[in-house]
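Undergrad: Next comes the structure file entry.csv, holding CSV, C-alpha atoms.
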```
chain,number,residue,atom,x,y,z
A,1,MET,CA,77.8,132.9,130.9
A,2,ILE,CA,74.2,131.9,130.3
A,3,ALA,CA,72.6,129.1,132.3
A,4,LEU,CA,70.1,127.4,130.0
A,5,VAL,CA,67.1,125.4,130.7
A,6,LYS,CA,65.6,122.6,128.6
A,7,GLY,CA,64.3,124.0,125.3
A,8,GLN,CA,66.2,127.3,125.5
A,9,LYS,CA,68.4,128.5,122.7
A,10,VAL,CA,71.3,130.9,122.5
A,11,ASP,CA,73.2,132.7,119.7
A,12,LEU,CA,76.8,131.7,119.3
A,13,THR,CA,78.1,133.7,116.3
A,14,LYS,CA,75.5,136.5,115.8
A,15,GLN,CA,76.8,138.4,118.8
A,16,SER,CA,80.4,137.3,118.4
A,17,PRO,CA,81.2,137.3,114.6
A,18,SER,CA,84.9,136.5,115.4
A,19,LEU,CA,84.0,133.2,117.1
A,20,THR,CA,85.5,130.4,114.9
A,21,THR,CA,86.3,127.6,117.3
A,22,ILE,CA,84.3,126.4,120.2
A,23,LYS,CA,85.0,123.8,122.9
A,24,VAL,CA,82.2,121.6,124.1
A,25,GLY,CA,82.8,120.3,127.5
A,26,LEU,CA,80.7,117.4,128.8
A,27,GLY,CA,80.8,116.1,132.4
A,28,TRP,CA,78.9,113.9,134.8
A,29,ASP,CA,79.1,112.4,138.3
A,30,VAL,CA,78.2,108.9,139.4
A,31,ASN,CA,76.5,107.8,142.6
A,32,PRO,CA,79.6,106.9,144.8
A,33,SER,CA,77.7,104.0,146.4
A,34,LEU,CA,77.8,102.1,143.1
A,35,SER,CA,80.4,99.4,142.9
A,36,HIS,CA,81.0,99.3,139.1
A,37,ASP,CA,82.7,102.1,137.1
A,38,PHE,CA,80.5,103.9,134.6
A,39,ASP,CA,82.0,104.2,131.2
A,40,LEU,CA,80.2,107.2,129.7
A,41,ASP,CA,81.0,108.4,126.1
A,42,ALA,CA,80.5,111.7,124.5
A,43,SER,CA,79.6,111.7,120.8
A,44,ALA,CA,78.7,114.2,118.0
A,45,LEU,CA,76.3,113.3,115.2
A,46,LEU,CA,76.7,115.5,112.0
A,47,LEU,CA,73.3,115.8,110.3
A,48,ASP,CA,72.4,117.0,106.8
A,49,THR,CA,69.5,119.2,105.8
A,50,THR,CA,67.1,116.2,106.2
A,51,GLY,CA,68.2,115.7,109.8
A,52,ARG,CA,69.9,112.4,109.2
A,53,ILE,CA,73.5,111.1,109.3
A,54,VAL,CA,74.5,110.4,105.7
A,55,SER,CA,77.6,108.3,106.5
A,56,GLN,CA,79.1,106.5,109.4
A,57,ARG,CA,82.0,108.9,109.1
A,58,ASN,CA,79.7,111.6,110.4
A,59,LEU,CA,79.3,109.9,113.7
A,60,VAL,CA,82.2,111.1,116.0
A,61,TYR,CA,82.6,108.7,118.8
A,62,TYR,CA,85.3,106.6,120.6
A,63,ASN,CA,86.3,104.7,117.5
A,64,ASN,CA,86.2,107.7,115.2
A,65,LEU,CA,87.5,110.8,116.9
A,66,THR,CA,87.3,113.3,114.1
A,67,ALA,CA,85.1,114.3,111.1
A,68,SER,CA,85.0,116.9,108.4
A,69,GLN,CA,88.8,117.0,108.1
A,70,GLY,CA,89.3,118.1,111.6
A,71,GLY,CA,86.1,120.2,111.8
A,72,VAL,CA,84.9,118.1,114.7
A,73,ILE,CA,87.4,116.5,117.1
A,74,LEU,CA,86.6,114.4,120.2
A,75,SER,CA,89.1,114.1,123.0
A,76,LYS,CA,90.4,110.8,124.1
A,77,ASP,CA,88.0,108.3,125.6
A,78,ASN,CA,87.6,108.7,129.4
A,79,ARG,CA,86.5,105.3,130.6
A,80,THR,CA,85.9,106.1,134.3
A,81,GLY,CA,84.7,109.7,134.6
A,82,VAL,CA,87.0,110.2,137.6
A,83,GLY,CA,88.0,113.8,138.3
A,84,GLU,CA,86.6,117.3,138.3
A,85,GLY,CA,85.6,119.5,135.4
A,86,ASP,CA,85.0,118.2,131.8
A,87,ASP,CA,85.1,114.4,131.5
A,88,GLU,CA,85.3,114.6,127.7
A,89,GLU,CA,85.6,117.5,125.2
A,90,ILE,CA,84.6,118.1,121.6
A,91,MET,CA,86.3,120.8,119.6
A,92,ILE,CA,84.3,122.3,116.8
A,93,HIS,CA,85.9,124.5,114.1
A,94,LEU,CA,82.8,126.2,112.7
A,95,SER,CA,84.6,127.4,109.6
A,96,LYS,CA,85.5,123.8,108.6
A,97,ILE,CA,81.9,122.5,108.8
A,98,PRO,CA,80.8,121.9,105.2
A,99,PRO,CA,77.5,123.6,104.1
A,100,GLN,CA,75.8,120.2,103.8
A,101,ILE,CA,76.0,119.8,107.6
A,102,GLU,CA,73.3,121.9,109.3
A,103,ARG,CA,73.2,120.4,112.8
A,104,ILE,CA,75.6,118.8,115.2
A,105,VAL,CA,73.9,116.7,117.9
A,106,LEU,CA,75.8,116.4,121.2
A,107,ALA,CA,75.1,113.3,123.2
A,108,VAL,CA,76.4,111.1,126.1
A,109,THR,CA,75.8,107.3,126.2
A,110,ILE,CA,76.6,104.6,128.7
A,111,HIS,CA,78.9,101.9,127.3
A,112,GLU,CA,77.7,98.3,127.9
A,113,ALA,CA,74.8,99.7,129.9
A,114,THR,CA,72.6,96.5,129.6
A,115,LYS,CA,75.5,94.2,130.6
A,116,ARG,CA,76.3,96.3,133.7
A,117,GLN,CA,72.6,97.2,134.4
A,118,GLN,CA,73.4,100.9,134.4
A,119,THR,CA,71.1,103.9,133.4
A,120,PHE,CA,71.1,107.6,133.6
A,121,GLY,CA,68.9,107.4,136.6
A,122,GLN,CA,72.2,106.6,138.5
A,123,ILE,CA,74.0,109.7,137.0
A,124,ASN,CA,74.3,113.0,138.8
A,125,ARG,CA,75.0,116.5,137.6
A,126,ALA,CA,75.5,115.8,133.9
A,127,PHE,CA,76.2,119.0,132.0
A,128,VAL,CA,77.3,120.5,128.7
A,129,ARG,CA,79.1,123.8,128.4
A,130,ILE,CA,80.2,125.8,125.4
A,131,SER,CA,83.3,127.9,125.5
A,132,ASN,CA,85.3,130.2,123.1
A,133,LYS,CA,88.4,128.1,122.4
A,134,ILE,CA,90.5,131.2,121.8
A,135,THR,CA,89.5,133.4,124.7
A,136,LYS,CA,88.6,130.5,127.1
A,137,GLN,CA,85.4,132.4,127.9
A,138,GLU,CA,82.4,130.2,128.8
A,139,ILE,CA,79.4,131.1,126.7
A,140,CYS,CA,76.7,129.0,128.0
A,141,ARG,CA,76.0,125.9,130.2
A,142,TYR,CA,73.1,123.5,130.4
A,143,GLU,CA,72.8,121.1,133.4
A,144,LEU,CA,70.6,118.1,133.4
A,145,GLY,CA,68.2,117.5,136.2
A,146,LYS,CA,67.1,114.2,137.7
A,147,GLU,CA,64.5,113.5,135.1
A,148,PHE,CA,65.9,110.2,133.7
A,149,SER,CA,65.4,106.7,135.0
A,150,VAL,CA,65.8,103.8,132.5
A,151,GLU,CA,67.5,105.8,129.7
A,152,THR,CA,71.0,104.8,128.5
A,153,ALA,CA,71.6,107.7,126.0
A,154,VAL,CA,70.9,111.4,126.4
A,155,VAL,CA,71.0,114.1,123.8
A,156,LEU,CA,72.3,117.1,125.7
A,157,GLY,CA,72.0,119.8,123.0
A,158,GLU,CA,72.5,120.7,119.4
A,159,ILE,CA,74.7,123.2,117.6
A,160,TYR,CA,72.9,124.3,114.4
A,161,ARG,CA,72.8,126.9,111.6
A,162,TYR,CA,70.0,129.5,111.5
A,163,LYS,CA,70.0,132.2,108.8
A,164,GLY,CA,73.7,131.9,108.3
A,165,GLU,CA,74.6,132.0,112.1
A,166,TRP,CA,75.4,129.3,114.6
A,167,LYS,CA,73.2,128.6,117.6
A,168,PHE,CA,73.1,126.2,120.5
A,169,GLY,CA,69.9,124.6,121.8
A,170,ALA,CA,69.5,122.7,125.1
A,171,VAL,CA,67.6,119.5,124.4
A,172,GLY,CA,67.7,117.0,127.3
A,173,ARG,CA,66.1,114.1,125.5
A,174,GLY,CA,66.8,110.5,126.7
A,175,LEU,CA,66.3,107.2,125.1
A,176,GLU,CA,67.0,103.5,125.7
A,177,GLY,CA,69.5,101.4,123.7
A,178,GLY,CA,72.7,103.4,124.2
A,179,LEU,CA,74.8,104.5,121.2
A,180,ILE,CA,73.2,102.0,118.8
A,181,ALA,CA,69.7,103.4,119.4
A,182,LEU,CA,71.0,106.9,119.2
A,183,ALA,CA,72.6,106.3,115.8
A,184,GLU,CA,69.5,104.5,114.5
A,185,SER,CA,67.3,107.4,115.6
A,186,TYR,CA,69.2,109.7,113.2
A,187,GLY,CA,69.2,107.2,110.2
A,188,LEU,CA,72.4,105.3,110.8
A,189,SER,CA,71.1,101.7,111.0
A,190,HIS,CA,72.2,98.2,110.1
A,191,LEU,CA,75.7,98.7,111.5
A,192,PRO,CA,77.6,95.5,112.6
A,193,PRO,CA,77.9,95.0,116.4
A,194,MET,CA,81.7,95.3,116.1
A,195,PHE,CA,81.2,99.0,115.0
A,196,PHE,CA,80.4,99.8,118.6
A,197,GLU,CA,83.0,97.6,120.3
A,198,LYS,CA,85.8,99.7,121.8
A,199,LYS,CA,89.2,99.2,120.2
A,200,ALA,CA,92.1,98.7,122.6
A,201,PRO,CA,95.2,100.5,121.4
A,202,GLN,CA,97.3,98.0,119.5
A,203,GLN,CA,100.8,98.0,118.1
A,204,PRO,CA,100.6,97.2,114.4
A,205,VAL,CA,102.7,94.3,113.1
A,206,LEU,CA,104.7,95.4,110.0
A,207,ASP,CA,105.8,93.2,107.2
A,208,SER,CA,109.3,92.0,108.1
A,209,ASN,CA,110.8,93.1,104.7
A,210,ASN,CA,109.4,96.6,104.7
A,211,SER,CA,108.8,99.6,107.0
A,212,ALA,CA,106.1,102.1,107.6
A,213,SER,CA,105.6,105.1,109.9
A,214,ILE,CA,103.6,104.2,113.0
A,215,ASN,CA,101.2,105.8,115.5
A,216,LEU,CA,98.3,104.2,117.4
A,217,SER,CA,95.6,105.6,115.0
A,218,LYS,CA,97.3,105.8,111.6
A,219,ILE,CA,99.9,104.1,109.6
A,220,GLU,CA,101.4,105.4,106.4
A,221,LEU,CA,102.9,103.1,103.8
A,222,LYS,CA,105.6,105.5,102.4
A,223,LYS,CA,107.4,103.6,99.7
A,224,SER,CA,106.2,101.3,96.9
A,225,GLY,CA,106.4,97.8,98.2
A,226,ASP,CA,105.9,98.7,101.9
A,227,ALA,CA,103.3,96.4,103.4
A,228,ILE,CA,101.4,95.6,106.6
A,229,ASN,CA,98.8,93.1,107.7
A,230,LEU,CA,95.4,94.1,108.8
A,231,ASN,CA,95.1,93.4,112.6
A,232,LYS,CA,94.2,89.8,113.3
A,233,THR,CA,92.0,89.0,116.3
A,234,SER,CA,89.8,86.3,117.5
A,235,LYS,CA,86.9,88.2,115.9
A,236,PRO,CA,86.0,88.4,112.2
A,237,LEU,CA,87.6,91.2,110.2
A,238,GLY,CA,84.3,92.9,109.6
A,239,GLU,CA,84.0,95.8,107.2
A,240,ILE,CA,87.1,97.2,105.5
A,241,ALA,CA,86.4,100.7,104.1
A,242,VAL,CA,88.6,102.1,101.3
A,243,ASN,CA,88.1,105.8,100.6
A,244,LEU,CA,89.7,108.1,98.1
A,245,ASN,CA,90.5,111.8,99.0
A,246,TRP,CA,91.7,114.0,96.2
A,247,ASN,CA,92.4,117.7,95.8
A,248,GLN,CA,93.3,119.9,92.8
A,249,GLN,CA,96.2,121.9,94.2
A,250,SER,CA,95.4,125.0,92.2
A,251,ASN,CA,91.9,125.0,93.5
A,252,GLN,CA,92.7,124.3,97.2
A,253,GLN,CA,89.2,123.3,98.1
A,254,SER,CA,88.9,120.5,100.6
A,255,GLY,CA,86.0,118.3,101.5
A,256,GLY,CA,85.1,116.1,104.5
A,257,PHE,CA,87.1,113.7,106.7
A,258,PHE,CA,88.4,109.4,106.8
A,259,ALA,CA,87.2,108.0,108.0
A,260,THR,CA,86.3,109.1,107.3
A,261,VAL,CA,88.8,110.0,104.0
A,262,PHE,CA,86.5,112.0,101.8
A,263,GLY,CA,86.4,113.5,98.3
A,264,THR,CA,87.1,117.1,97.5
A,265,SER,CA,86.3,119.5,94.7
A,266,GLN,CA,88.2,119.6,91.4
A,267,ARG,CA,86.7,121.4,88.4
A,268,GLY,CA,86.9,119.5,85.1
A,269,VAL,CA,88.2,116.1,86.5
A,270,ASP,CA,86.2,113.0,87.2
A,271,LEU,CA,88.4,110.7,89.3
A,272,ASP,CA,87.0,107.2,90.1
A,273,LEU,CA,87.8,104.6,92.6
A,274,GLY,CA,87.5,100.9,91.8
A,275,CYS,CA,89.1,97.4,92.3
A,276,LEU,CA,89.9,94.2,90.6
A,277,PHE,CA,89.1,91.1,92.6
A,278,GLU,CA,90.1,87.4,92.4
A,279,PHE,CA,88.6,84.6,94.4
A,280,LYS,CA,90.5,81.5,95.5
A,281,ALA,CA,88.2,79.4,93.4
A,282,GLY,CA,89.3,81.3,90.3
A,283,ARG,CA,86.5,83.9,89.8
A,284,LYS,CA,87.7,87.3,88.7
A,285,GLY,CA,86.0,90.6,88.1
A,286,VAL,CA,85.9,94.4,88.6
A,287,VAL,CA,84.0,96.8,90.8
A,288,GLN,CA,83.8,100.4,89.5
A,289,ALA,CA,81.3,103.0,88.3
A,290,LEU,CA,82.3,102.4,84.6
A,291,GLY,CA,79.7,100.0,83.3
A,292,ASN,CA,77.7,100.4,86.5
A,293,THR,CA,79.4,97.4,88.1
A,294,PHE,CA,79.0,98.6,91.7
A,295,GLY,CA,79.2,95.1,93.2
A,296,SER,CA,77.6,93.9,96.5
A,297,TYR,CA,78.7,93.7,100.1
A,298,GLU,CA,76.4,90.8,101.2
A,299,SER,CA,76.8,88.7,98.1
A,300,ILE,CA,79.5,87.9,95.6
A,301,PRO,CA,81.9,89.7,95.1
A,302,TYR,CA,81.5,90.9,98.7
A,303,ILE,CA,82.8,94.3,97.6
A,304,HIS,CA,80.5,97.4,97.1
A,305,LEU,CA,81.2,100.8,95.6
A,306,ASP,CA,78.8,103.3,97.2
A,307,GLN,CA,78.5,106.0,94.6
A,308,ASP,CA,80.0,107.7,91.5
A,309,ASP,CA,81.1,111.2,92.6
A,310,ARG,CA,81.6,112.9,89.2
A,311,THR,CA,82.9,116.3,90.5
A,312,GLY,CA,84.7,115.6,93.7
A,313,ALA,CA,82.1,117.8,95.5
A,314,SER,CA,80.6,115.0,97.5
A,315,GLN,CA,81.5,115.3,101.2
A,316,ASN,CA,81.8,111.6,101.5
A,317,GLY,CA,83.6,110.9,98.2
A,318,GLU,CA,83.7,107.4,96.8
A,319,ASN,CA,84.0,104.4,99.1
A,320,LEU,CA,84.7,100.7,98.6
A,321,ARG,CA,83.2,98.5,101.3
A,322,ILE,CA,84.9,95.1,101.5
A,323,ASN,CA,83.3,92.3,103.5
A,324,GLY,CA,86.3,91.1,105.5
A,325,ASN,CA,84.3,88.3,106.9
A,326,LYS,CA,84.7,86.6,103.5
A,327,VAL,CA,88.6,86.6,103.7
A,328,ARG,CA,88.6,82.8,103.3
A,329,ASP,CA,87.1,83.1,99.8
A,330,LEU,CA,89.0,86.1,98.4
A,331,LYS,CA,92.6,85.6,97.1
A,332,ARG,CA,93.5,89.2,96.3
A,333,ILE,CA,92.0,92.7,95.6
A,334,LEU,CA,93.8,95.4,93.6
A,335,ILE,CA,92.6,98.9,94.5
A,336,PHE,CA,92.9,101.5,91.7
A,337,ALA,CA,91.8,104.9,90.6
A,338,TYR,CA,91.4,106.3,87.1
A,339,ILE,CA,90.7,109.7,85.6
A,340,TYR,CA,87.5,109.2,83.6
A,341,GLU,CA,87.3,112.8,82.4
A,342,GLY,CA,89.9,115.6,82.5
A,343,ALA,CA,93.7,115.8,81.9
A,344,ALA,CA,95.7,112.9,83.4
A,345,ASN,CA,97.7,115.3,85.7
A,346,TRP,CA,98.2,113.3,88.9
A,347,SER,CA,100.6,115.8,90.4
A,348,GLN,CA,97.6,118.3,90.5
A,349,VAL,CA,95.1,115.7,91.8
A,350,ASP,CA,97.2,114.9,95.0
A,351,GLY,CA,95.4,111.7,95.8
A,352,VAL,CA,95.3,109.9,99.1
A,353,VAL,CA,93.7,106.5,99.9
A,354,THR,CA,92.9,105.5,103.4
A,355,ILE,CA,92.0,101.9,104.4
A,356,LYS,CA,89.9,101.7,107.6
A,357,GLN,CA,89.7,98.4,109.5
A,358,GLN,CA,87.4,97.5,112.4
A,359,ASN,CA,90.1,96.3,114.8
A,360,GLY,CA,93.2,98.4,114.1
A,361,PRO,CA,94.6,101.7,112.9
A,362,ASP,CA,93.9,103.4,109.5
A,363,ILE,CA,96.3,102.6,106.7
A,364,VAL,CA,97.3,105.6,104.5
A,365,VAL,CA,98.6,105.3,100.9
A,366,LYS,CA,99.6,108.6,99.2
A,367,MET,CA,99.7,108.7,95.4
A,368,ASP,CA,102.9,110.7,95.5
A,369,GLU,CA,105.0,109.0,92.8
A,370,HIS,CA,103.4,110.8,89.8
A,371,ARG,CA,103.3,109.7,86.2
A,372,ASN,CA,101.4,112.4,84.3
A,373,GLY,CA,99.8,111.5,81.0
A,374,LEU,CA,98.7,108.0,82.2
A,375,GLY,CA,95.1,107.8,83.3
A,376,MET,CA,95.2,104.7,85.5
A,377,CYS,CA,96.9,104.2,88.9
A,378,ALA,CA,97.2,100.9,90.7
A,379,ILE,CA,97.3,102.0,94.3
A,380,ALA,CA,97.4,99.1,96.7
A,381,MET,CA,97.1,95.3,96.7
A,382,LEU,CA,95.2,93.4,99.4
A,383,GLU,CA,96.4,89.7,99.6
A,384,ASN,CA,95.0,86.8,101.6
A,385,VAL,CA,97.2,85.8,104.5
A,386,SER,CA,96.4,82.3,105.9
A,387,ASP,CA,92.6,82.8,105.4
A,388,GLU,CA,92.7,85.0,108.5
A,389,THR,CA,93.6,88.6,107.3
A,390,PHE,CA,94.8,90.7,104.4
A,391,LYS,CA,98.3,92.1,103.7
A,392,VAL,CA,98.1,95.6,102.4
A,393,ARG,CA,101.0,96.5,100.0
A,394,LYS,CA,101.6,99.9,98.5
A,395,LEU,CA,101.9,99.9,94.6
A,396,VAL,CA,101.3,103.4,93.2
A,397,GLN,CA,102.1,102.3,89.6
A,398,TYR,CA,100.6,104.1,86.6
A,399,PHE,CA,99.2,102.7,83.3
A,400,SER,CA,97.5,103.9,80.2
A,401,GLY,CA,94.3,101.9,80.9
A,402,HIS,CA,92.5,99.0,82.5
A,403,LYS,CA,94.0,96.4,80.1
A,404,GLU,CA,97.6,97.4,80.7
A,405,MET,CA,97.1,97.3,84.5
A,406,ASP,CA,95.3,93.9,84.2
A,407,ARG,CA,98.2,92.4,82.3
A,408,ALA,CA,100.8,93.8,84.7
A,409,PHE,CA,99.3,92.0,87.7
A,410,GLY,CA,98.2,88.8,85.9
A,411,TRP,CA,94.4,89.1,86.0
A,412,ASN,CA,94.1,88.3,82.2
A,413,MET,CA,90.5,89.3,81.7
A,414,ASN,CA,88.9,90.4,78.4
A,415,TRP,CA,88.2,94.2,78.2
A,416,VAL,CA,85.9,96.3,76.0
A,417,GLU,CA,85.2,100.0,76.0
A,418,GLY,CA,82.7,101.2,78.5
A,419,SER,CA,80.9,104.3,79.6
A,420,LYS,CA,78.7,105.6,82.5
```
Once you've parsed the file, please lay out its structure as structure tokens.
TA:
Amino acid sequence: MIALVKGQKVDLTKQSPSLTTIKVGLGWDVNPSLSHDFDLDASALLLDTTGRIVSQRNLVYYNNLTASQGGVILSKDNRTGVGEGDDEEIMIHLSKIPPQIERIVLAVTIHEATKRQQTFGQINRAFVRISNKITKQEICRYELGKEFSVETAVVLGEIYRYKGEWKFGAVGRGLEGGLIALAESYGLSHLPPMFFEKKAPQQPVLDSNNSASINLSKIELKKSGDAINLNKTSKPLGEIAVNLNWNQQSNQQSGGFFATVFGTSQRGVDLDLGCLFEFKAGRKGVVQALGNTFGSYESIPYIHLDQDDRTGASQNGENLRINGNKVRDLKRILIFAYIYEGAANWSQVDGVVTIKQQNGPDIVVKMDEHRNGLGMCAIAMLENVSDETFKVRKLVQYFSGHKEMDRAFGWNMNWVEGSK
């Protein structure tokens, strides 16, 4: 085991080519004379070649425990730090990290530090250690000294690529502002405050007429007609993220996570995500890449499509961002996907849509009832419930095009041919 000092670096894979999975253990002690518990949180920030976080799905923290389809996994949230050894752990499967990610920043932040008047000046013996997950052998360790005072976030180290190999560098950089300031320092800004509020485990409330499989972090709507309400709290719904993950089975190439749910590669197919929307006042429309109608999150229609991924190679895929704070205005939203180019072979596309909410578990809808030859799939319907939340209902119905799907669900809009 190598004991590192600030600024020192060590090879991980160059000397151990068989190393594929590492465990990052993070620990700390708190001055026992302090009366309030410290809630410290480990996080991992996945950076691209520019040194920035390209998507909030690449911030692994207490509300998003995994990224890159299991390439980076954070252990459960330890809210007291009581006990010996590692307080929180991050598992990194190096072979699963996509080539677009060049650096993984490892950090610890103090939750609600300002409210509790807590800083890293009150923390003792903080450390990060890297171990071989398979052999359990500790590779290196970096222990922080007593160099911090007012800081509420500390970057302990970085795991990064260098000439095709993975290395670890001890950083030891502190900053004020906690997790919010940490995310902003790497380009992830303008996130709503609720993004950083810790979610208490909640038992989801199912539609009384239908059923779905349940766990605390994910719910799958298995049959067409199954439905569930988004969690209703005293707080606004916030952002609702809809992400399409698709994979050509014959190619077997996968992309990133779901949040984050991310896109994957498929040669010769351009699969697009979109939605129809209807306001309670009667206004109707569509958000999709076709015709460059990408919408807007802050203004009408309060729905925004972030990009047009024409190959499926984008790590983040295509994402619809729905402003749930405008639930009083929206009557219903129909989520759909269509094959813009390529054969309409849905059984080979193997599509999955995941709906992420601020205050509850992910909702998963698999496009598993295939109708090959029809290029349009109505995936799920979001319907207003008492101006407080949305009900999500699985559809997975296939149509020959936009007009046929429109008529089936009573939008009754005028359609013309479009391109992109």
Undergrad: What is the distance between atom CA of A:Phe336 and atom CA of A:Val287, in Å to one decimal?
TA: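 Between atom CA of A:Phe336 and atom CA of A:Val287 the gap works out to 10.1 Å.
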Undergrad: Counting all atoms listed in the file, which of A:Met194, A:Ala380, A:Leu320, A:Leu47 gets nearest to A:Ile180?
TA: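 Counting all atoms listed in the file, the residue closest to A:Ile180 is A:Met194.
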Undergrad: If we count all atoms listed in the file and set the cut-off at 6 Å, which residues sit around stretch 267-282 of chain A, ignoring sequence neighbours fewer than 5 positions away in its own chain? Please answer as a list of chain:residue names.
TA: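 Listing them by chain and then by number gives A:Val287, A:Gln288, A:Arg310, A:Thr311, A:Asp329, A:Leu330, A:Lys331, A:Arg332, A:Ile333, A:Leu334, A:Ile335, A:Phe336, A:Ala337, A:Tyr338, A:Ile339, A:Tyr340, A:Glu341, A:Gly342.
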Undergrad: What's the separation between atom CA of A:Gly178 and atom CA of A:His190, in Å to one decimal place?
TA: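 For atom CA of A:Gly178 relative to atom CA of A:His190, the distance reads 15.0 Å.
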Undergrad: Around the point (85.8, 90.5, 105.6) (coordinates from the file), which residues reach within 9 Å if we count only C-alpha atoms? Answer as a list in words.
TA: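 Selection result: Pro236, Leu237, Gly238, Glu239, Ile240, Tyr302, Ile322, Asn323, Gly324, Asn325, Lys326, Val327, Arg328 and Thr389 of chain A.
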Undergrad: Near A:Met413, within 12 Å and counting only C-alpha atoms, which residues show up once chain neighbours fewer than 2 positions away are dropped, as an MDAnalysis selection string?
TA: chainID A and resid 276:278 282:286 402:411 415:416
Undergrad: Those residues with C-alpha atoms, as a CSV table (one decimal), in the frame of the given file please?
TA:
```csv
chain,number,residue,atom,x,y,z
A,276,LEU,CA,89.9,94.2,90.6
A,277,PHE,CA,89.1,91.1,92.6
A,278,GLU,CA,90.1,87.4,92.4
A,282,GLY,CA,89.3,81.3,90.3
A,283,ARG,CA,86.5,83.9,89.8
A,284,LYS,CA,87.7,87.3,88.7
A,285,GLY,CA,86.0,90.6,88.1
A,286,VAL,CA,85.9,94.4,88.6
A,402,HIS,CA,92.5,99.0,82.5
A,403,LYS,CA,94.0,96.4,80.1
A,404,GLU,CA,97.6,97.4,80.7
A,405,MET,CA,97.1,97.3,84.5
A,406,ASP,CA,95.3,93.9,84.2
A,407,ARG,CA,98.2,92.4,82.3
A,408,ALA,CA,100.8,93.8,84.7
A,409,PHE,CA,99.3,92.0,87.7
A,410,GLY,CA,98.2,88.8,85.9
A,411,TRP,CA,94.4,89.1,86.0
A,415,TRP,CA,88.2,94.2,78.2
A,416,VAL,CA,85.9,96.3,76.0
```
Undergrad: Can you measure atom CA of A:Pro193 to atom CA of A:Ala181 for me? One decimal in Å is fine.
TA: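 Computing the Euclidean distance for atom CA of A:Pro193 and atom CA of A:Ala181 yields 12.1 Å.
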Undergrad: Of the residues A:Arg161, A:Lys167, A:Lys356, A:Lys133, which is the one nearest to A:Gln15, using only C-alpha atoms?
TA: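 Checking each candidate against A:Gln15, we get A:Lys167 as the closest.
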Undergrad: Which residue out of A:Asp48, A:Gln122, A:Lys199, A:Asp86 has the minimum interatomic distance to A:Pro99 when only C-alpha atoms are used?
TA: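 Once distances to A:Pro99 are computed over only C-alpha atoms, the minimum belongs to A:Asp48.
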Undergrad: Residues near stretch 102-118 of chain A, anyone? I mean within 8 Å using only C-alpha atoms, not counting same-chain ones fewer than 5 positions away, as a ChimeraX atom specification.
TA: /A:36,38-49,51,152-161,178-179
Undergrad: Show which residues sit within 12 Å of stretch 368-373 of chain A, as a PyMOL selection string. Count all atoms listed in the file, and ignore same-chain residues fewer than 4 positions away.
TA: chain A and resi 221-224+246+338-339+342-353+364+377-379+394-401
Undergrad: Rank nothing, just name the residue among A:Gln357, A:Ser16, A:Asn384, A:Ser55 nearest to A:Ser189, using only C-alpha atoms.
TA: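 Of A:Gln357, A:Ser16, A:Asn384, A:Ser55, the one nearest A:Ser189 is A:Ser55, counting only C-alpha atoms.
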